[in-house]
file run27.cif (mmCIF, C-alpha atoms)
data_model
#
loop_
_atom_site.group_PDB
_atom_site.id
_atom_site.type_symbol
_atom_site.label_atom_id
_atom_site.label_comp_id
_atom_site.auth_asym_id
_atom_site.auth_seq_id
_atom_site.Cartn_x
_atom_site.Cartn_y
_atom_site.Cartn_z
ATOM 1 C CA MET B 7 11.131 8.115 11.956
ATOM 2 C CA PRO B 8 9.995 7.050 8.479
ATOM 3 C CA LYS B 9 9.116 3.471 7.727
ATOM 4 C CA LYS B 10 11.214 1.397 5.359
ATOM 5 C CA ILE B 11 9.894 0.386 1.936
ATOM 6 C CA ARG B 12 9.821 -3.258 3.041
ATOM 7 C CA GLU B 13 7.545 -2.288 5.950
ATOM 8 C CA LEU B 14 5.096 -0.620 3.576
ATOM 9 C CA LYS B 15 5.045 -3.733 1.409
ATOM 10 C CA GLN B 16 4.352 -5.890 4.465
ATOM 11 C CA ILE B 17 1.484 -3.609 5.506
ATOM 12 C CA LEU B 18 -0.049 -3.898 2.047
ATOM 13 C CA LYS B 19 0.268 -7.690 2.061
ATOM 14 C CA GLN B 20 -1.448 -7.870 5.454
ATOM 15 C CA ALA B 21 -4.277 -5.669 4.155
ATOM 16 C CA GLY B 22 -4.894 -8.089 1.278
ATOM 17 C CA PHE B 23 -3.180 -6.277 -1.576
ATOM 18 C CA THR B 24 -1.585 -8.267 -4.391
ATOM 19 C CA GLU B 25 1.828 -7.342 -5.771
ATOM 20 C CA ILE B 26 2.353 -6.846 -9.489
ATOM 21 C CA PRO B 27 5.975 -6.382 -10.569
ATOM 22 C CA GLY B 28 6.913 -3.121 -12.246
ATOM 23 C CA LYS B 29 10.021 -1.800 -13.924
ATOM 24 C CA GLY B 30 13.177 -1.507 -11.876
ATOM 25 C CA SER B 31 12.512 -0.855 -8.212
ATOM 26 C CA HIS B 32 8.800 -0.170 -8.750
ATOM 27 C CA THR B 33 6.063 -2.494 -7.545
ATOM 28 C CA ASN B 34 2.338 -2.052 -8.143
ATOM 29 C CA TRP B 35 -0.280 -3.167 -5.649
ATOM 30 C CA ILE B 36 -3.949 -3.859 -6.350
ATOM 31 C CA HIS B 37 -6.943 -4.854 -4.244
ATOM 32 C CA LEU B 38 -10.456 -5.854 -5.283
ATOM 33 C CA LEU B 39 -12.031 -3.154 -3.110
ATOM 34 C CA TYR B 40 -9.575 -0.383 -4.031
ATOM 35 C CA ASN B 41 -10.064 1.708 -7.157
ATOM 36 C CA GLY B 42 -6.803 1.940 -9.056
ATOM 37 C CA LYS B 43 -3.389 0.804 -7.911
ATOM 38 C CA ILE B 44 -0.638 1.870 -5.571
ATOM 39 C CA THR B 45 2.893 2.175 -6.919
ATOM 40 C CA ILE B 46 5.816 1.926 -4.524
ATOM 41 C CA SER B 47 9.275 2.798 -5.725
ATOM 42 C CA GLY B 48 12.582 2.308 -3.994
ATOM 43 C CA LYS B 49 14.747 -0.444 -2.594
ATOM 44 C CA ASP B 50 13.435 -2.391 0.397
ATOM 45 C CA SER B 51 16.065 -0.879 2.706
ATOM 46 C CA ALA B 52 15.304 2.744 1.701
ATOM 47 C CA ASP B 53 13.247 5.102 3.828
ATOM 48 C CA ALA B 54 9.703 5.608 2.582
ATOM 49 C CA LYS B 55 8.550 9.064 1.578
ATOM 50 C CA LYS B 56 5.750 10.708 3.533
ATOM 51 C CA TYR B 57 3.441 10.688 0.515
ATOM 52 C CA GLN B 58 3.915 6.912 0.171
ATOM 53 C CA GLU B 59 2.943 6.304 3.792
ATOM 54 C CA LYS B 60 -0.040 8.636 3.436
ATOM 55 C CA GLU B 61 -1.247 6.950 0.233
ATOM 56 C CA ILE B 62 -1.115 3.505 1.848
ATOM 57 C CA LYS B 63 -2.906 4.693 4.970
ATOM 58 C CA GLN B 64 -5.698 6.218 2.865
ATOM 59 C CA ALA B 65 -6.018 3.087 0.734
ATOM 60 C CA ILE B 66 -6.383 0.836 3.769
ATOM 61 C CA GLN B 67 -8.968 3.194 5.276
ATOM 62 C CA GLN B 68 -10.924 3.098 2.016
ATOM 63 C CA ILE B 69 -10.930 -0.703 2.007
ATOM 64 C CA GLU B 70 -11.959 -0.890 5.658
ATOM 65 C CA SER B 71 -14.832 1.540 5.124
ATOM 66 C CA LYS B 72 -16.084 -0.467 2.133
ATOM 67 C CA THR B 73 -16.007 -3.717 4.109
ATOM 68 C CA LYS B 74 -17.880 -2.093 7.014
ATOM 69 C CA ASN B 75 -20.543 -0.717 4.670
ATOM 70 C CA ASP B 76 -21.059 -4.118 3.020
ATOM 71 C CA GLN B 77 -21.714 -5.936 6.286
ATOM 72 C CA PRO B 78 -25.338 -6.049 7.507
#

call {"tool": "encode", "arguments": {"input": "run27.cif", "output": "structure tokens"}}
result
Amino acid sequence: MPKKIRELKQILKQAGFTEIPGKGSHTNWIHLLYNGKITISGKDSADAKKYQEKEIKQAIQQIESKTKNDQP
């Protein structure tokens, strides 16, 4: 069962991403340790696409690996 767009946004907030408003239903998300940005489109009640879930999962893994590598 796919996650809802609002769930993806909540996951990003918990991971430390900051929301930047976009046009229409688009929101952009940035993080200091993530190269680039993540764009999520769709209403909060809509089902998320598989590629959106995959992109967020990869971004969080990238951030976690960078924080692990920075710790002594």

call {"tool": "residues_around", "arguments": {"input": "run27.cif", "residues": "Ala52 in chain B", "least_positions_apart": "4", "cutoff": "7 Å", "atoms": "all atoms listed in the file", "output": "list in words"}}
result
Lys10, Ile11 and Gly48 of chain B

call {"tool": "resolve_selection", "arguments": {"input": "run27.cif", "expression": "the PyMOL selection byres ((chain B and resi 38-46) around 8)", "output": "PyMOL selection string"}}
result
chain B and resi 11+32-37+47-48+58+61-62+65+68-69+72

call {"tool": "atom_distance", "arguments": {"input": "run27.cif", "atom1": "CA of Lys9 in chain B", "atom2": "CA of Lys55 in chain B"}}
result
8.3 Å

call {"tool": "closest_residue", "arguments": {"input": "run27.cif", "among": "B:Glu25, B:Glu59, B:Asp76, B:Glu70", "to": "Glu13 in chain B", "atoms": "all atoms listed in the file"}}
result
B:Glu59

call {"tool": "closest_residue", "arguments": {"input": "run27.cif", "among": "B:Lys49, B:Ala54, B:Gln64, B:Gly28", "to": "Leu14 in chain B", "atoms": "all atoms listed in the file"}}
result
B:Ala54

call {"tool": "atom_distance", "arguments": {"input": "run27.cif", "atom1": "CA of Lys56 in chain B", "atom2": "CA of Thr73 in chain B"}}
result
26.1 Å

call {"tool": "closest_residue", "arguments": {"input": "run27.cif", "among": "B:Pro8, B:Lys60, B:Ser71, B:Ile66", "to": "Gly22 in chain B", "atoms": "all atoms listed in the file"}}
result
B:Ile66

call {"tool": "atom_distance", "arguments": {"input": "run27.cif", "atom1": "CA of Arg12 in chain B", "atom2": "CA of Ser31 in chain B"}}
result
11.8 Å

call {"tool": "closest_residue", "arguments": {"input": "run27.cif", "among": "B:Leu18, B:Met7, B:Ser51, B:Gly30", "to": "Lys63 in chain B", "atoms": "all atoms listed in the file"}}
result
B:Leu18

call {"tool": "decode", "arguments": {"input": "run27.cif", "residues": "range 28-77 of chain B", "atoms": "C-alpha atoms", "output": "mmCIF file, in the first residue's frame"}}
result
data_model
loop_
_atom_site.group_PDB
_atom_site.id
_atom_site.type_symbol
_atom_site.label_atom_id
_atom_site.label_comp_id
_atom_site.auth_asym_id
_atom_site.auth_seq_id
_atom_site.Cartn_x
_atom_site.Cartn_y
_atom_site.Cartn_z
ATOM 1 C CA GLY B 28 6.999 25.603 -5.031
ATOM 2 C CA LYS B 29 4.379 26.299 -7.652
ATOM 3 C CA GLY B 30 0.973 24.725 -7.244
ATOM 4 C CA SER B 31 1.077 21.414 -5.421
ATOM 5 C CA HIS B 32 4.879 21.164 -5.576
ATOM 6 C CA THR B 33 7.108 21.485 -2.532
ATOM 7 C CA ASN B 34 10.906 21.432 -2.531
ATOM 8 C CA TRP B 35 12.931 20.003 0.328
ATOM 9 C CA ILE B 36 16.570 20.738 1.137
ATOM 10 C CA HIS B 37 19.041 19.514 3.739
ATOM 11 C CA LEU B 38 22.551 20.714 4.555
ATOM 12 C CA LEU B 39 24.019 17.237 4.062
ATOM 13 C CA TYR B 40 22.065 16.397 0.893
ATOM 14 C CA ASN B 41 23.296 17.508 -2.518
ATOM 15 C CA GLY B 42 20.446 19.064 -4.455
ATOM 16 C CA LYS B 43 16.786 19.100 -3.529
ATOM 17 C CA ILE B 44 13.811 16.791 -3.468
ATOM 18 C CA THR B 45 10.611 17.888 -5.182
ATOM 19 C CA ILE B 46 7.317 16.365 -4.101
ATOM 20 C CA SER B 47 4.223 16.990 -6.152
ATOM 21 C CA GLY B 48 0.639 16.160 -5.354
ATOM 22 C CA LYS B 49 -2.014 16.919 -2.785
ATOM 23 C CA ASP B 50 -1.442 15.704 0.773
ATOM 24 C CA SER B 51 -4.245 13.135 0.491
ATOM 25 C CA ALA B 52 -2.940 11.621 -2.783
ATOM 26 C CA ASP B 53 -1.029 8.360 -2.947
ATOM 27 C CA ALA B 54 2.708 8.784 -3.420
ATOM 28 C CA LYS B 55 4.379 7.347 -6.489
ATOM 29 C CA LYS B 56 6.971 4.615 -6.062
ATOM 30 C CA TYR B 57 9.739 6.832 -7.426
ATOM 31 C CA GLN B 58 8.926 9.476 -4.790
ATOM 32 C CA GLU B 59 9.203 6.961 -1.958
ATOM 33 C CA LYS B 60 12.437 5.594 -3.419
ATOM 34 C CA GLU B 61 13.977 9.063 -3.809
ATOM 35 C CA ILE B 62 13.205 9.950 -0.188
ATOM 36 C CA LYS B 63 14.562 6.656 1.105
ATOM 37 C CA GLN B 64 17.816 7.168 -0.818
ATOM 38 C CA ALA B 65 18.152 10.756 0.393
ATOM 39 C CA ILE B 66 17.756 9.758 4.034
ATOM 40 C CA GLN B 67 20.288 6.947 3.597
ATOM 41 C CA GLN B 68 22.744 9.423 2.080
ATOM 42 C CA ILE B 69 22.342 11.790 5.028
ATOM 43 C CA GLU B 70 22.715 8.986 7.562
ATOM 44 C CA SER B 71 25.882 7.706 5.896
ATOM 45 C CA LYS B 72 27.396 11.205 5.893
ATOM 46 C CA THR B 73 26.638 11.684 9.589
ATOM 47 C CA LYS B 74 28.159 8.283 10.428
ATOM 48 C CA ASN B 75 31.311 9.085 8.453
ATOM 49 C CA ASP B 76 31.728 12.451 10.199
ATOM 50 C CA GLN B 77 31.624 10.986 13.698
#
